[in-house]
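*Asks:* The following file, final_12.cif, comprises mmCIF, C-alpha atoms:
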```
data_final
#
loop_
_atom_site.group_PDB
_atom_site.id
_atom_site.type_symbol
_atom_site.label_atom_id
_atom_site.label_comp_id
_atom_site.auth_asym_id
_atom_site.auth_seq_id
_atom_site.Cartn_x
_atom_site.Cartn_y
_atom_site.Cartn_z
ATOM 1 C CA MET A 4 -50.523 31.327 53.692
ATOM 2 C CA LYS A 5 -47.008 32.772 54.046
ATOM 3 C CA PHE A 6 -46.379 31.943 50.384
ATOM 4 C CA PHE A 7 -49.423 33.925 49.211
ATOM 5 C CA LEU A 8 -48.580 36.842 51.494
ATOM 6 C CA GLY A 9 -45.015 36.868 50.120
ATOM 7 C CA LEU A 10 -46.341 36.663 46.563
ATOM 8 C CA ILE A 11 -48.730 39.583 47.113
ATOM 9 C CA LEU A 12 -46.008 41.686 48.776
ATOM 10 C CA GLY A 13 -43.607 40.831 45.944
ATOM 11 C CA LEU A 14 -46.151 41.863 43.336
ATOM 12 C CA LEU A 15 -46.803 45.139 45.180
ATOM 13 C CA ILE A 16 -43.143 46.007 45.667
ATOM 14 C CA LEU A 17 -42.367 46.059 41.926
ATOM 15 C CA PRO A 18 -44.976 48.686 40.984
ATOM 16 C CA VAL A 19 -44.092 50.790 44.035
ATOM 17 C CA CYS A 20 -40.400 50.709 43.120
ATOM 18 C CA ALA A 21 -41.228 51.623 39.515
ATOM 19 C CA TRP A 22 -43.428 54.504 40.692
ATOM 20 C CA VAL A 23 -40.669 55.812 42.992
ATOM 21 C CA TYR A 24 -38.083 55.546 40.174
ATOM 22 C CA PHE A 25 -40.281 57.449 37.697
ATOM 23 C CA HIS A 26 -41.387 60.005 40.280
ATOM 24 C CA VAL A 27 -38.087 60.897 41.973
ATOM 25 C CA GLY A 28 -35.456 59.138 39.877
ATOM 26 C CA HIS A 29 -33.871 60.182 36.624
ATOM 27 C CA PRO A 30 -35.473 58.100 33.894
ATOM 28 C CA PRO A 31 -34.247 58.819 30.353
ATOM 29 C CA VAL A 32 -36.651 61.497 29.118
ATOM 30 C CA ALA A 33 -34.269 63.952 27.431
ATOM 31 C CA VAL A 34 -33.234 63.428 23.820
ATOM 32 C CA ALA A 35 -29.571 63.024 24.797
ATOM 33 C CA ASP A 36 -30.291 60.399 27.502
ATOM 34 C CA THR A 37 -29.289 56.781 27.004
ATOM 35 C CA PRO A 38 -32.405 54.758 26.151
ATOM 36 C CA PHE A 39 -33.849 52.078 28.399
ATOM 37 C CA PRO A 40 -32.486 48.592 27.720
ATOM 38 C CA PHE A 41 -34.430 47.024 24.812
ATOM 39 C CA GLU A 42 -36.481 50.236 24.379
ATOM 40 C CA LYS A 43 -36.255 50.229 20.574
ATOM 41 C CA GLN A 44 -37.103 46.522 20.308
ATOM 42 C CA ILE A 45 -40.065 46.818 22.678
ATOM 43 C CA VAL A 46 -41.538 49.742 20.734
ATOM 44 C CA ARG A 47 -40.794 48.304 17.273
ATOM 45 C CA MET A 48 -42.672 45.025 17.700
ATOM 46 C CA PRO A 49 -46.169 46.436 18.286
ATOM 47 C CA LEU A 50 -45.574 49.273 15.796
ATOM 48 C CA HIS A 51 -44.726 46.886 12.948
ATOM 49 C CA ALA A 52 -47.538 44.510 13.884
ATOM 50 C CA ARG A 53 -50.080 47.348 13.796
ATOM 51 C CA ILE A 54 -48.767 48.811 10.547
ATOM 52 C CA ASP A 55 -48.785 45.378 8.884
ATOM 53 C CA ALA A 56 -52.395 44.842 9.962
ATOM 54 C CA GLU A 57 -53.731 48.295 9.033
ATOM 55 C CA MET A 58 -51.688 49.644 6.121
ATOM 56 C CA PRO A 59 -53.381 49.935 2.729
ATOM 57 C CA LYS A 60 -52.123 47.367 0.251
ATOM 58 C CA SER A 61 -52.043 49.743 -2.726
ATOM 59 C CA ALA A 62 -52.285 53.431 -3.528
ATOM 60 C CA PRO A 63 -55.605 54.801 -4.820
ATOM 61 C CA ILE A 64 -53.731 57.263 -7.086
ATOM 62 C CA ASP A 65 -50.907 56.730 -9.569
ATOM 63 C CA ALA A 66 -47.355 58.045 -9.443
ATOM 64 C CA SER A 67 -47.950 60.549 -12.255
ATOM 65 C CA GLU A 68 -45.720 63.565 -12.728
ATOM 66 C CA THR A 69 -48.538 65.771 -11.399
ATOM 67 C CA ASN A 70 -48.930 63.702 -8.210
ATOM 68 C CA LEU A 71 -45.156 63.466 -7.670
ATOM 69 C CA ALA A 72 -44.753 67.246 -8.106
ATOM 70 C CA ALA A 73 -47.614 67.906 -5.687
ATOM 71 C CA GLY A 74 -46.071 65.421 -3.255
ATOM 72 C CA ALA A 75 -42.688 67.163 -3.564
ATOM 73 C CA GLN A 76 -44.200 70.560 -2.762
ATOM 74 C CA ILE A 77 -46.115 69.151 0.231
ATOM 75 C CA TYR A 78 -42.961 67.350 1.388
ATOM 76 C CA ARG A 79 -40.962 70.617 1.255
ATOM 77 C CA GLU A 80 -43.606 72.433 3.307
ATOM 78 C CA GLN A 81 -44.440 69.734 5.854
ATOM 79 C CA CYS A 82 -41.598 67.189 6.058
ATOM 80 C CA ALA A 83 -38.251 68.590 4.890
ATOM 81 C CA ALA A 84 -37.386 70.471 8.090
ATOM 82 C CA CYS A 85 -37.023 67.144 9.929
ATOM 83 C CA HIS A 86 -36.387 64.664 7.099
ATOM 84 C CA GLY A 87 -34.154 66.739 4.805
ATOM 85 C CA LEU A 88 -34.055 67.263 1.068
ATOM 86 C CA SER A 89 -31.960 65.700 -1.661
ATOM 87 C CA GLY A 90 -28.404 66.831 -0.943
ATOM 88 C CA HIS A 91 -29.514 68.876 2.073
ATOM 89 C CA PRO A 92 -29.877 66.837 5.279
ATOM 90 C CA SER A 93 -31.896 68.278 8.135
ATOM 91 C CA ASP A 94 -30.126 70.031 10.984
ATOM 92 C CA PHE A 95 -32.958 69.001 13.346
ATOM 93 C CA ALA A 96 -32.725 65.257 12.699
ATOM 94 C CA THR A 97 -29.707 64.431 14.851
ATOM 95 C CA HIS A 98 -31.130 66.404 17.759
ATOM 96 C CA MET A 99 -34.249 64.240 17.981
ATOM 97 C CA TYR A 100 -34.697 60.880 19.692
ATOM 98 C CA PRO A 101 -34.830 58.725 17.830
ATOM 99 C CA ASP A 102 -33.104 60.542 14.982
ATOM 100 C CA ALA A 103 -35.490 61.543 12.200
ATOM 101 C CA PRO A 104 -34.546 59.458 9.157
ATOM 102 C CA GLN A 105 -33.176 61.422 6.229
ATOM 103 C CA LEU A 106 -35.601 60.431 3.491
ATOM 104 C CA TRP A 107 -33.403 61.578 0.596
ATOM 105 C CA ALA A 108 -30.206 59.876 1.782
ATOM 106 C CA ARG A 109 -28.978 56.645 0.207
ATOM 107 C CA HIS A 110 -28.627 53.673 2.497
ATOM 108 C CA ARG A 111 -25.126 52.307 3.002
ATOM 109 C CA HIS A 112 -25.882 49.164 1.050
ATOM 110 C CA GLY A 113 -27.828 49.076 -2.175
ATOM 111 C CA ASP A 114 -29.822 51.561 -4.159
ATOM 112 C CA VAL A 115 -32.365 52.342 -1.461
ATOM 113 C CA VAL A 116 -33.100 56.008 -0.759
ATOM 114 C CA GLY A 117 -34.937 56.800 2.469
ATOM 115 C CA VAL A 118 -38.028 54.590 2.675
ATOM 116 C CA SER A 119 -38.197 53.727 -1.027
ATOM 117 C CA ASP A 120 -37.936 50.032 -0.131
ATOM 118 C CA ASP A 121 -41.004 50.189 2.156
ATOM 119 C CA PRO A 122 -44.455 49.388 0.803
ATOM 120 C CA VAL A 123 -46.216 52.642 -0.145
ATOM 121 C CA GLY A 124 -49.061 51.734 2.243
ATOM 122 C CA GLU A 125 -46.612 51.594 5.159
ATOM 123 C CA THR A 126 -45.397 55.116 4.435
ATOM 124 C CA GLU A 127 -48.993 56.309 4.054
ATOM 125 C CA TRP A 128 -49.869 54.775 7.450
ATOM 126 C CA LYS A 129 -46.916 56.494 9.141
ATOM 127 C CA VAL A 130 -47.719 59.874 7.587
ATOM 128 C CA ALA A 131 -51.429 59.624 8.367
ATOM 129 C CA ASN A 132 -51.123 58.244 11.903
ATOM 130 C CA GLY A 133 -47.745 59.451 13.132
ATOM 131 C CA ILE A 134 -45.580 57.438 15.528
ATOM 132 C CA ARG A 135 -45.798 58.036 19.254
ATOM 133 C CA LEU A 136 -42.688 59.088 21.179
ATOM 134 C CA THR A 137 -40.667 59.786 18.025
ATOM 135 C CA GLY A 138 -41.602 63.328 17.084
ATOM 136 C CA MET A 139 -43.426 62.040 13.978
ATOM 137 C CA PRO A 140 -46.817 63.772 14.044
ATOM 138 C CA SER A 141 -50.054 62.553 12.530
ATOM 139 C CA PHE A 142 -50.898 64.464 9.361
ATOM 140 C CA ASP A 143 -54.392 62.972 9.138
ATOM 141 C CA LYS A 144 -56.021 66.274 10.196
ATOM 142 C CA VAL A 145 -53.434 68.496 8.465
ATOM 143 C CA LEU A 146 -53.330 67.015 4.950
ATOM 144 C CA SER A 147 -56.034 65.481 2.796
ATOM 145 C CA SER A 148 -55.932 61.771 1.985
ATOM 146 C CA THR A 149 -54.810 62.610 -1.559
ATOM 147 C CA GLN A 150 -51.967 64.802 -0.257
ATOM 148 C CA ILE A 151 -50.797 62.037 2.092
ATOM 149 C CA TRP A 152 -50.774 59.601 -0.848
ATOM 150 C CA GLN A 153 -48.885 62.108 -3.028
ATOM 151 C CA VAL A 154 -46.123 62.411 -0.421
ATOM 152 C CA SER A 155 -46.085 58.630 0.106
ATOM 153 C CA LEU A 156 -45.762 57.975 -3.640
ATOM 154 C CA LEU A 157 -42.968 60.549 -3.887
ATOM 155 C CA LEU A 158 -41.010 58.799 -1.118
ATOM 156 C CA LYS A 159 -41.672 55.367 -2.654
ATOM 157 C CA ASN A 160 -40.117 56.623 -5.901
ATOM 158 C CA ALA A 161 -37.220 58.542 -4.310
ATOM 159 C CA ALA A 162 -34.618 56.011 -5.517
ATOM 160 C CA GLY A 163 -35.831 55.958 -9.093
ATOM 161 C CA PRO A 164 -35.660 58.540 -11.799
ATOM 162 C CA LEU A 165 -37.996 61.426 -11.055
ATOM 163 C CA PRO A 166 -39.256 64.059 -13.498
ATOM 164 C CA PRO A 167 -36.879 67.080 -13.716
ATOM 165 C CA GLY A 168 -39.440 69.439 -12.159
ATOM 166 C CA VAL A 169 -39.810 67.135 -9.142
ATOM 167 C CA VAL A 170 -36.028 66.820 -8.757
ATOM 168 C CA LYS A 171 -35.745 70.617 -8.774
ATOM 169 C CA ILE A 172 -38.321 70.897 -5.964
ATOM 170 C CA VAL A 173 -36.612 68.322 -3.702
ATOM 171 C CA GLN A 174 -33.075 69.606 -4.326
ATOM 172 C CA GLN A 175 -33.658 73.291 -3.536
ATOM 173 C CA PRO A 176 -32.586 73.995 0.059
ATOM 174 C CA LEU A 177 -35.082 75.374 2.541
ATOM 175 C CA ASP A 178 -34.790 79.072 3.301
ATOM 176 C CA PHE A 179 -36.195 80.068 6.673
ATOM 177 C CA SER A 180 -35.057 83.676 6.510
ATOM 178 C CA LEU A 181 -37.757 86.316 6.669
ATOM 179 C CA PRO A 182 -37.956 89.396 4.479
ATOM 180 C CA PRO A 183 -36.747 92.568 6.285
ATOM 181 C CA GLU A 184 -40.280 93.967 6.762
ATOM 182 C CA THR A 185 -41.297 90.931 8.893
ATOM 183 C CA THR A 186 -38.232 90.978 11.152
ATOM 184 C CA GLY A 187 -38.636 94.559 12.369
ATOM 185 C CA GLN A 188 -35.728 95.791 10.251
ATOM 186 C CA VAL A 189 -36.280 98.878 8.180
ATOM 187 C CA PRO A 190 -35.643 98.237 4.510
ATOM 188 C CA SER A 191 -32.992 100.453 2.942
ATOM 189 C CA ARG A 192 -34.107 102.971 0.317
#
```
Please, can you express the file's structure as structure tokens?
*Replies:*
Amino acid sequence: MKFFLGLILGLLILPVCAWVYFHVGHPPVAVADTPFPFEKQIVRMPLHARIDAEMPKSAPIDASETNLAAGAQIYREQCAACHGLSGHPSDFATHMYPDAPQLWARHRHGDVVGVSDDPVGETEWKVANGIRLTGMPSFDKVLSSTQIWQVSLLLKNAAGPLPPGVVKIVQQPLDFSLPPETTGQVPSR
């Protein structure tokens, strides 16, 4: 009887201690905080298992110049602020936790650019569904299925030669400045 009472008390103490820690302690919730031990590994396992089970095996559209150009324009409008452009890394990325990957940067080893070594269906899944607790939103209700595939195909082909028009779109830096009439400034005559 004492054993079972001790077991029950032991099982109750752990959740109570966890509740007290999360309620009055200082768990790592700010971007600059040190992560929990094994936090990345714990989150990665179920994420990869779910993506592997649910990702489409092939794209329903081809990587034509038209689709790549459309994907590049969508990428500039929806993704570049966090994930950067070719030759223009994002200023936001290093101030996120985890850092937003720079999808136009070459990896240290090999000819891989961004996620070009991932299956296109994996990228499509991430764009469509987002990834919890990373800042990566779901674009399923923002973009059409075709638009999501266009961006995914663009990123799949980021390491290879792209049509000149597509390269121009992904190399032009973002400009967030507003024209004088929208900032309250009076234009000069």
*Asks:* For a quick check of understanding, using only C-alpha atoms, which of A:Val118, A:Leu158, A:Ala56, A:Met139 has the smallest distance to Asp102 of chain A?
*Replies:*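 Answer, going by the shortest atom-to-atom distance: A:Met139.
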*Asks:* At what distance in Å, to one decimal, does atom CA of Asp120 of chain A lie from atom CA of Glu57 of chain A?
*Replies:*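 Between these atoms lies a distance of 18.3 Å.
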*Asks:* Would you translate the PyMOL selection byres ((chain A and resi 94) around 12) into the concrete set of residues it matches in this file, as a count of residues only?
*Replies:* 20
*Asks:* Rank nothing, just name the residue among A:Gln81, A:Ser148, A:Asn160, A:Ser180 nearest to Asp121 of chain A, using all atoms listed in the file.
*Replies:*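 Checking each of A:Gln81, A:Ser148, A:Asn160, A:Ser180 against Asp121 of chain A, counting all atoms listed in the file, the winner is A:Asn160.
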*Asks:* At what distance in Å, to one decimal, does atom CA of Gly163 of chain A lie from atom CA of Ser67 of chain A?
*Replies:*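 Distance between the two atoms: 13.3 Å.
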*Asks:* Given the file shown, determine the residues that the PyMOL selection byres ((chain A and resi 142) around 8) selects; report them as a list in words.
*Replies:* Val130, Ala131, Asn132, Gly133, Pro140, Ser141, Asp143, Lys144, Val145, Leu146 and Ile151 of chain A
*Asks:* For the file shown, report as a list in words the outcome of the PyMOL selection byres ((chain A and resi 33) around 12) at residue level.
*Replies:* His29, Pro30, Pro31, Val32, Val34, Ala35, Asp36, Thr37, Pro38, Phe39, His98, Met99, Tyr100, Pro101 and Leu136 of chain A
*Asks:* Measuring between all atoms listed in the file, which one of A:Gly13, A:Gly74, A:Gly113, A:Pro59 shows the shortest distance to Gly168 of chain A?
*Replies:*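 Using all atoms listed in the file, the shortest distance to Gly168 of chain A belongs to A:Gly74.
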*Asks:* Take atom CA of Arg111 of chain A and atom CA of Glu127 of chain A and report the distance between them in Å, one decimal.
*Replies:* 24.2 Å
*Asks:* Residues of segment 121-150 of chain A within 12 Å of segment 44-48 of chain A: nearest atom pair and distance (Å, one decimal) for each, counting only C-alpha atoms, sorted by chain and number, as a tab-separated table?
*Replies:*
```
residue	atom	partner	partner_atom	distance
A:Ile134	CA	A:Val46	CA	10.1
A:Arg135	CA	A:Val46	CA	9.4
A:Leu136	CA	A:Val46	CA	9.4
A:Thr137	CA	A:Val46	CA	10.4
```
*Asks:* Return the single residue from A:Pro49, A:Pro63, A:Gly9, A:Pro122 that is closest to Lys159 of chain A, with distances computed using only C-alpha atoms.
*Replies:*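 Looking at the shortest contact to Lys159 of chain A, the residue is A:Pro122.
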